[in-house]
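One file, entry_34.pdb, carrying PDB, C-alpha atoms, pLDDT in the B column:
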ATOM      1  CA  MET A   1       0.728   6.790 -55.388  1.00 55.00           C
ATOM      2  CA  ALA A   2       4.287   6.065 -54.385  1.00 75.00           C
ATOM      3  CA  LEU A   3       5.751   7.984 -51.491  1.00 84.00           C
ATOM      4  CA  TYR A   4       9.190   9.543 -51.185  1.00 88.00           C
ATOM      5  CA  LEU A   5      11.320   9.206 -48.041  1.00 90.00           C
ATOM      6  CA  SER A   6      11.062  12.970 -47.519  1.00 91.00           C
ATOM      7  CA  GLU A   7       7.319  12.457 -46.885  1.00 93.00           C
ATOM      8  CA  ILE A   8       7.744   9.688 -44.319  1.00 94.00           C
ATOM      9  CA  VAL A   9       8.630  10.227 -40.666  1.00 95.00           C
ATOM     10  CA  SER A  10       9.361   8.220 -37.581  1.00 94.00           C
ATOM     11  CA  VAL A  11       7.927   9.713 -34.404  1.00 93.00           C
ATOM     12  CA  ALA A  12       9.682   8.778 -31.164  1.00 91.00           C
ATOM     13  CA  GLY A  13       7.325   6.915 -28.861  1.00 88.00           C
ATOM     14  CA  LYS A  14       4.967   5.916 -31.685  1.00 88.00           C
ATOM     15  CA  PRO A  15       5.178   2.532 -33.391  1.00 88.00           C
ATOM     16  CA  GLY A  16       5.716   2.226 -37.126  1.00 91.00           C
ATOM     17  CA  LEU A  17       6.063   4.983 -39.671  1.00 95.00           C
ATOM     18  CA  GLN A  18       3.899   7.943 -40.517  1.00 95.00           C
ATOM     19  CA  LYS A  19       3.224   9.986 -43.635  1.00 95.00           C
ATOM     20  CA  LEU A  20       3.524  13.761 -43.354  1.00 95.00           C
ATOM     21  CA  ILE A  21       0.119  15.315 -44.013  1.00 94.00           C
ATOM     22  CA  GLY A  22       0.667  18.932 -43.016  1.00 93.00           C
ATOM     23  CA  ASN A  23       2.367  21.498 -40.823  1.00 91.00           C
ATOM     24  CA  ARG A  24       1.004  23.457 -37.929  1.00 90.00           C
ATOM     25  CA  SER A  25       2.560  26.134 -35.777  1.00 88.00           C
ATOM     26  CA  ASN A  26       3.565  23.768 -32.984  1.00 90.00           C
ATOM     27  CA  GLY A  27       4.301  20.530 -34.833  1.00 90.00           C
ATOM     28  CA  LEU A  28       3.241  18.328 -37.731  1.00 93.00           C
ATOM     29  CA  ILE A  29       0.141  16.413 -38.707  1.00 93.00           C
ATOM     30  CA  VAL A  30       0.963  12.835 -39.651  1.00 95.00           C
ATOM     31  CA  GLU A  31      -0.970   9.766 -40.766  1.00 94.00           C
ATOM     32  CA  SER A  32      -0.063   6.231 -39.772  1.00 93.00           C
ATOM     33  CA  LEU A  33       1.171   3.994 -42.593  1.00 92.00           C
ATOM     34  CA  ASP A  34      -0.204   0.847 -40.942  1.00 86.00           C
ATOM     35  CA  GLY A  35      -3.349   1.035 -43.073  1.00 81.00           C
ATOM     36  CA  SER A  36      -5.619   2.425 -40.351  1.00 85.00           C
ATOM     37  CA  GLY A  37      -5.464   5.953 -41.791  1.00 85.00           C
ATOM     38  CA  LYS A  38      -5.277   7.316 -38.259  1.00 92.00           C
ATOM     39  CA  ARG A  39      -4.042  10.917 -38.154  1.00 93.00           C
ATOM     40  CA  PHE A  40      -2.539  12.704 -35.195  1.00 93.00           C
ATOM     41  CA  PRO A  41      -0.580  15.857 -34.449  1.00 93.00           C
ATOM     42  CA  THR A  42       2.969  15.869 -33.163  1.00 93.00           C
ATOM     43  CA  THR A  43       4.269  18.340 -30.613  1.00 90.00           C
ATOM     44  CA  LEU A  44       7.509  20.262 -30.445  1.00 88.00           C
ATOM     45  CA  ASN A  45       8.613  17.966 -27.617  1.00 90.00           C
ATOM     46  CA  GLN A  46       8.420  14.819 -29.753  1.00 91.00           C
ATOM     47  CA  LYS A  47      11.435  13.778 -31.763  1.00 93.00           C
ATOM     48  CA  VAL A  48      10.439  13.453 -35.408  1.00 93.00           C
ATOM     49  CA  SER A  49      12.907  12.021 -37.928  1.00 94.00           C
ATOM     50  CA  PHE A  50      12.399  12.255 -41.673  1.00 94.00           C
ATOM     51  CA  LEU A  51      13.572   9.052 -43.333  1.00 94.00           C
ATOM     52  CA  SER A  52      15.374  11.072 -45.998  1.00 93.00           C
ATOM     53  CA  ASP A  53      17.682  12.447 -43.265  1.00 94.00           C
ATOM     54  CA  ILE A  54      18.657   9.080 -41.771  1.00 94.00           C
ATOM     55  CA  SER A  55      21.884   7.249 -42.535  1.00 95.00           C
ATOM     56  CA  MET A  56      23.864   4.358 -41.049  1.00 96.00           C
ATOM     57  CA  TYR A  57      27.539   4.105 -40.252  1.00 96.00           C
ATOM     58  CA  THR A  58      29.909   2.208 -42.510  1.00 95.00           C
ATOM     59  CA  TYR A  59      33.680   2.022 -42.470  1.00 95.00           C
ATOM     60  CA  ASP A  60      33.701   4.273 -45.552  1.00 93.00           C
ATOM     61  CA  GLY A  61      31.430   6.959 -44.054  1.00 92.00           C
ATOM     62  CA  ASP A  62      27.676   7.221 -43.790  1.00 94.00           C
ATOM     63  CA  GLU A  63      25.292   5.330 -46.059  1.00 95.00           C
ATOM     64  CA  LYS A  64      21.962   7.081 -46.705  1.00 95.00           C
ATOM     65  CA  LEU A  65      18.792   5.182 -45.844  1.00 94.00           C
ATOM     66  CA  ASP A  66      17.466   5.300 -49.415  1.00 93.00           C
ATOM     67  CA  VAL A  67      20.539   3.409 -50.661  1.00 94.00           C
ATOM     68  CA  ILE A  68      20.290   0.873 -47.823  1.00 95.00           C
ATOM     69  CA  LEU A  69      16.581   0.278 -48.460  1.00 95.00           C
ATOM     70  CA  GLN A  70      17.253  -0.234 -52.173  1.00 94.00           C
ATOM     71  CA  LYS A  71      19.964  -2.795 -51.377  1.00 95.00           C
ATOM     72  CA  LEU A  72      17.715  -4.497 -48.814  1.00 96.00           C
ATOM     73  CA  HIS A  73      14.853  -4.647 -51.325  1.00 95.00           C
ATOM     74  CA  THR A  74      17.120  -6.135 -53.991  1.00 94.00           C
ATOM     75  CA  ALA A  75      18.424  -8.743 -51.520  1.00 95.00           C
ATOM     76  CA  ALA A  76      14.915  -9.607 -50.264  1.00 94.00           C
ATOM     77  CA  GLU A  77      13.601  -9.931 -53.820  1.00 94.00           C
ATOM     78  CA  GLY A  78      16.600 -12.187 -54.515  1.00 94.00           C
ATOM     79  CA  GLY A  79      15.529 -14.570 -51.758  1.00 95.00           C
ATOM     80  CA  LEU A  80      17.320 -13.240 -48.672  1.00 94.00           C
ATOM     81  CA  GLU A  81      15.221 -14.141 -45.633  1.00 95.00           C
ATOM     82  CA  LEU A  82      14.508 -11.166 -43.368  1.00 96.00           C
ATOM     83  CA  VAL A  83      15.499 -11.349 -39.715  1.00 96.00           C
ATOM     84  CA  THR A  84      12.978 -11.103 -36.899  1.00 94.00           C
ATOM     85  CA  LYS A  85      13.057 -10.132 -33.228  1.00 94.00           C
ATOM     86  CA  LYS A  86      13.536 -13.823 -32.444  1.00 95.00           C
ATOM     87  CA  SER A  87      16.772 -13.997 -34.467  1.00 95.00           C
ATOM     88  CA  ASN A  88      19.963 -14.181 -32.432  1.00 95.00           C
ATOM     89  CA  GLY A  89      22.602 -11.455 -32.566  1.00 94.00           C
ATOM     90  CA  ALA A  90      24.996 -13.356 -34.809  1.00 95.00           C
ATOM     91  CA  ASP A  91      22.253 -14.090 -37.355  1.00 96.00           C
ATOM     92  CA  ILE A  92      21.278 -10.409 -37.447  1.00 96.00           C
ATOM     93  CA  GLN A  93      24.901  -9.394 -38.088  1.00 96.00           C
ATOM     94  CA  VAL A  94      25.329 -12.023 -40.844  1.00 96.00           C
ATOM     95  CA  PHE A  95      22.055 -10.929 -42.440  1.00 97.00           C
ATOM     96  CA  PHE A  96      23.012  -7.251 -42.533  1.00 96.00           C
ATOM     97  CA  ARG A  97      26.520  -8.054 -43.786  1.00 96.00           C
ATOM     98  CA  LYS A  98      24.786  -9.525 -46.882  1.00 96.00           C
ATOM     99  CA  VAL A  99      22.984  -6.209 -47.418  1.00 96.00           C
ATOM    100  CA  ILE A 100      25.746  -3.728 -46.465  1.00 95.00           C
ATOM    101  CA  GLU A 101      29.133  -5.445 -46.480  1.00 94.00           C
ATOM    102  CA  ASN A 102      31.087  -2.667 -44.773  1.00 95.00           C
ATOM    103  CA  PHE A 103      28.684  -1.543 -42.033  1.00 95.00           C
ATOM    104  CA  ASP A 104      30.327  -0.551 -38.765  1.00 95.00           C
ATOM    105  CA  GLU A 105      29.140  -3.170 -36.264  1.00 92.00           C
ATOM    106  CA  ASP A 106      30.450  -1.081 -33.360  1.00 94.00           C
ATOM    107  CA  GLN A 107      28.071   1.778 -34.206  1.00 95.00           C
ATOM    108  CA  VAL A 108      25.162  -0.039 -35.892  1.00 95.00           C
ATOM    109  CA  TYR A 109      23.348  -2.048 -33.236  1.00 96.00           C
ATOM    110  CA  ASN A 110      21.182  -5.099 -33.771  1.00 96.00           C
ATOM    111  CA  SER A 111      18.176  -3.028 -32.678  1.00 95.00           C
ATOM    112  CA  ASP A 112      18.936  -0.583 -35.531  1.00 95.00           C
ATOM    113  CA  ILE A 113      18.967  -3.446 -38.030  1.00 96.00           C
ATOM    114  CA  LEU A 114      15.699  -4.850 -36.679  1.00 96.00           C
ATOM    115  CA  LYS A 115      14.105  -1.396 -36.915  1.00 95.00           C
ATOM    116  CA  LEU A 116      15.329  -1.089 -40.509  1.00 96.00           C
ATOM    117  CA  VAL A 117      13.749  -4.456 -41.366  1.00 96.00           C
ATOM    118  CA  SER A 118      10.463  -3.460 -39.727  1.00 95.00           C
ATOM    119  CA  TRP A 119      10.478  -0.192 -41.704  1.00 94.00           C
ATOM    120  CA  TYR A 120      11.177  -2.140 -44.894  1.00 95.00           C
ATOM    121  CA  LYS A 121       8.166  -4.374 -44.236  1.00 94.00           C
ATOM    122  CA  ILE A 122       5.956  -1.292 -43.789  1.00 93.00           C
ATOM    123  CA  LEU A 123       7.312   0.430 -46.911  1.00 93.00           C
ATOM    124  CA  LYS A 124       7.423  -2.647 -49.142  1.00 91.00           C
ATOM    125  CA  ASP A 125       4.048  -1.989 -50.796  1.00 87.00           C
ATOM    126  CA  LYS A 126       3.978   1.789 -50.379  1.00 87.00           C
ATOM    127  CA  VAL A 127       7.109   3.065 -52.118  1.00 86.00           C
ATOM    128  CA  ASN A 128       8.917   2.606 -55.394  1.00 84.00           C
ATOM    129  CA  PHE A 129      12.344   1.367 -54.321  1.00 82.00           C
ATOM    130  CA  ALA A 130      13.868   2.466 -57.623  1.00 82.00           C
ATOM    131  CA  GLN A 131      12.891   6.091 -56.832  1.00 80.00           C
ATOM    132  CA  LEU A 132      12.899   6.669 -53.051  1.00 79.00           C
ATOM    133  CA  THR A 133      13.990  10.273 -53.243  1.00 74.00           C
ATOM    134  CA  GLU A 134      12.385  13.064 -55.188  1.00 71.00           C
ATOM    135  CA  PRO A 135      14.011  13.644 -58.569  1.00 69.00           C
ATOM    136  CA  GLU A 136      16.567  16.412 -58.582  1.00 65.00           C
ATOM    137  CA  TYR A 137      16.029  19.101 -61.143  1.00 55.00           C
ATOM    138  CA  THR A 138      18.810  20.500 -63.256  1.00 53.00           C
ATOM    139  CA  GLU A 139      19.180  24.206 -63.963  1.00 58.00           C
ATOM    140  CA  GLU A 140      17.675  23.602 -67.423  1.00 61.00           C
ATOM    141  CA  ASP A 141      14.578  22.009 -65.867  1.00 54.00           C
ATOM    142  CA  LYS A 142      14.206  24.911 -63.434  1.00 51.00           C
ATOM    143  CA  SER A 143      14.688  27.448 -66.228  1.00 55.00           C
ATOM    144  CA  ALA A 144      12.071  25.747 -68.422  1.00 53.00           C
ATOM    145  CA  ALA A 145       9.591  25.653 -65.534  1.00 51.00           C
ATOM    146  CA  THR A 146      10.194  29.344 -64.827  1.00 52.00           C
ATOM    147  CA  LYS A 147       9.649  30.264 -68.506  1.00 54.00           C
ATOM    148  CA  LYS A 148       6.471  28.188 -68.615  1.00 51.00           C
ATOM    149  CA  LYS A 149       5.185  29.873 -65.473  1.00 50.00           C
ATOM    150  CA  ALA A 150       6.034  33.344 -66.840  1.00 51.00           C
ATOM    151  CA  SER A 151       4.233  32.666 -70.136  1.00 51.00           C
ATOM    152  CA  LYS A 152       0.935  32.036 -68.349  1.00 52.00           C
ATOM    153  CA  LYS A 153      -1.301  35.062 -68.205  1.00 52.00           C
ATOM    154  CA  PRO A 154      -1.603  36.192 -64.601  1.00 50.00           C
ATOM    155  CA  THR A 155      -5.105  36.496 -63.288  1.00 50.00           C
ATOM    156  CA  THR A 156      -5.934  39.370 -61.002  1.00 49.00           C
ATOM    157  CA  LYS A 157      -8.798  39.502 -58.608  1.00 50.00           C
ATOM    158  CA  ALA A 158     -10.554  42.770 -58.011  1.00 49.00           C
ATOM    159  CA  THR A 159     -10.874  43.597 -54.339  1.00 46.00           C
ATOM    160  CA  PRO A 160     -13.856  45.529 -53.141  1.00 46.00           C
ATOM    161  CA  LYS A 161     -13.139  49.103 -52.042  1.00 47.00           C
ATOM    162  CA  SER A 162     -14.792  48.475 -48.718  1.00 45.00           C
ATOM    163  CA  ALA A 163     -12.434  45.629 -47.846  1.00 44.00           C
ATOM    164  CA  PRO A 164     -10.798  46.183 -44.458  1.00 43.00           C
ATOM    165  CA  LYS A 165      -7.059  46.726 -44.358  1.00 45.00           C
ATOM    166  CA  ALA A 166      -5.006  43.769 -43.202  1.00 44.00           C
ATOM    167  CA  GLN A 167      -3.830  44.156 -39.647  1.00 44.00           C
ATOM    168  CA  SER A 168      -0.465  42.971 -38.450  1.00 42.00           C
ATOM    169  CA  LYS A 169      -0.428  40.039 -36.076  1.00 43.00           C
ATOM    170  CA  ALA A 170       3.084  40.822 -34.915  1.00 42.00           C
ATOM    171  CA  LYS A 171       3.581  40.651 -31.163  1.00 42.00           C
ATOM    172  CA  GLY A 172       5.215  43.294 -29.079  1.00 44.00           C
ATOM    173  CA  GLY A 173       3.294  46.256 -30.454  1.00 38.00           C
ATOM    174  CA  VAL A 174       5.484  46.689 -33.546  1.00 38.00           C
ATOM    175  CA  LYS A 175       3.677  46.826 -36.867  1.00 39.00           C
ATOM    176  CA  LYS A 176       5.265  45.111 -39.795  1.00 40.00           C
ATOM    177  CA  SER A 177       4.763  47.862 -42.351  1.00 38.00           C
ATOM    178  CA  GLY A 178       7.965  47.674 -44.322  1.00 39.00           C
ATOM    179  CA  ASN A 179       8.973  51.124 -43.107  1.00 40.00           C
ATOM    180  CA  LEU A 180      11.376  49.789 -40.509  1.00 41.00           C
ATOM    181  CA  LYS A 181      15.017  49.629 -41.402  1.00 40.00           C
ATOM    182  CA  ALA A 182      17.597  47.297 -39.908  1.00 46.00           C
ATOM    183  CA  GLY A 183      19.875  49.311 -37.688  1.00 40.00           C
TER     184      GLY A 183
END
Output the structure of this file as structure tokens.
Amino acid sequence: MALYLSEIVSVAGKPGLQKLIGNRSNGLIVESLDGSGKRFPTTLNQKVSFLSDISMYTYDGDEKLDVILQKLHTAAEGGLELVTKKSNGADIQVFFRKVIENFDEDQVYNSDILKLVSWYKILKDKVNFAQLTEPEYTEEDKSAATKKKASKKPTTKATPKSAPKAQSKAKGGVKKSGNLKAG
């Protein structure tokens, strides 16, 4: 199953990339993409970046990561040799200039380029580079889905009469009953 960039995160202080598995009240649950399948929770103190939100500076504005990864994949498939940590600064700049011609070298550091290449190596066999972002639905698609959902017969579950009433878990002694009005 191919992943979308909106499902992949980078957690500060953790190597590699992680797949979002679930949410919890004080963070996320993620799974390492290194093949180990190791899962761990994040905390509110950790910086978590979704790959779909990342972009790099160019002289024409920002370039989204999905576009950069697609260009990098096309160049790598075309025979462009990827840089490594052992590459010198000039080689890294020349390499990235072949991928993104107008990147802003004053704001995009060599370490950023090396991180991008390491992410590409991780994602190479896990994503479809032609479709890195989730497809956007038009109003017609949304309308058709809504009509389809409405045409299904709703199922109702009978609740026993002895079922206890749900209690509010609101803090501060105020019940959330719907009787309160904004003042």
Review point. Using all atoms listed in the file, which residues sit within 12 Å of Asn128 in chain A once same-chain residues fewer than 2 positions away are excluded, as a PyMOL selection string?
Key: chain A and resi 1-5+66+69-70+73+120+123-126+130-134
**Study point:** Explicit residues for the PyMOL selection byres ((chain A and resi 31-47) around 8) (as a PyMOL selection string)
**Key:** chain A and resi 11-12+16-21+26-30+48-49+122
Point to revise | Non-local contacts of range 80-88 of chain A (10 Å; all atoms listed in the file; under 4 positions in same chain excluded) as a PyMOL selection string | key: chain A and resi 72-76+92-96+98-99+110-111+113-115+117-118+120-121
Review point. What is the CA of Ile8 in chain A to CA of Tyr57 in chain A distance in Å?
Key: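 Straight-line distance from CA of Ile8 in chain A to CA of Tyr57 in chain A works out to 21.0 Å.
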For range 43-50 of chain A, I'd like the enclosing box, axis-aligned and padded by 5 Å on every side, reported as JSON with centre and edge lengths in Å to one decimal.
{"center_x": 8.6, "center_y": 16.1, "center_z": -34.6, "size_x": 18.6, "size_y": 18.2, "size_z": 24.1}
Point to revise | Point-to-point distance in Å for CA of Gly78 in chain A and CA of Gln107 in chain A | key: 27.2 Å
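With CA of Leu65 in chain A on one side and CA of Arg97 in chain A on the other, the separation reads 15.5 Å.
When only C-alpha atoms are used to measure the gap to Gly89 in chain A, the shortest distance among A:Phe103, A:Val67, A:Trp119, A:Tyr109 belongs to A:Tyr109.
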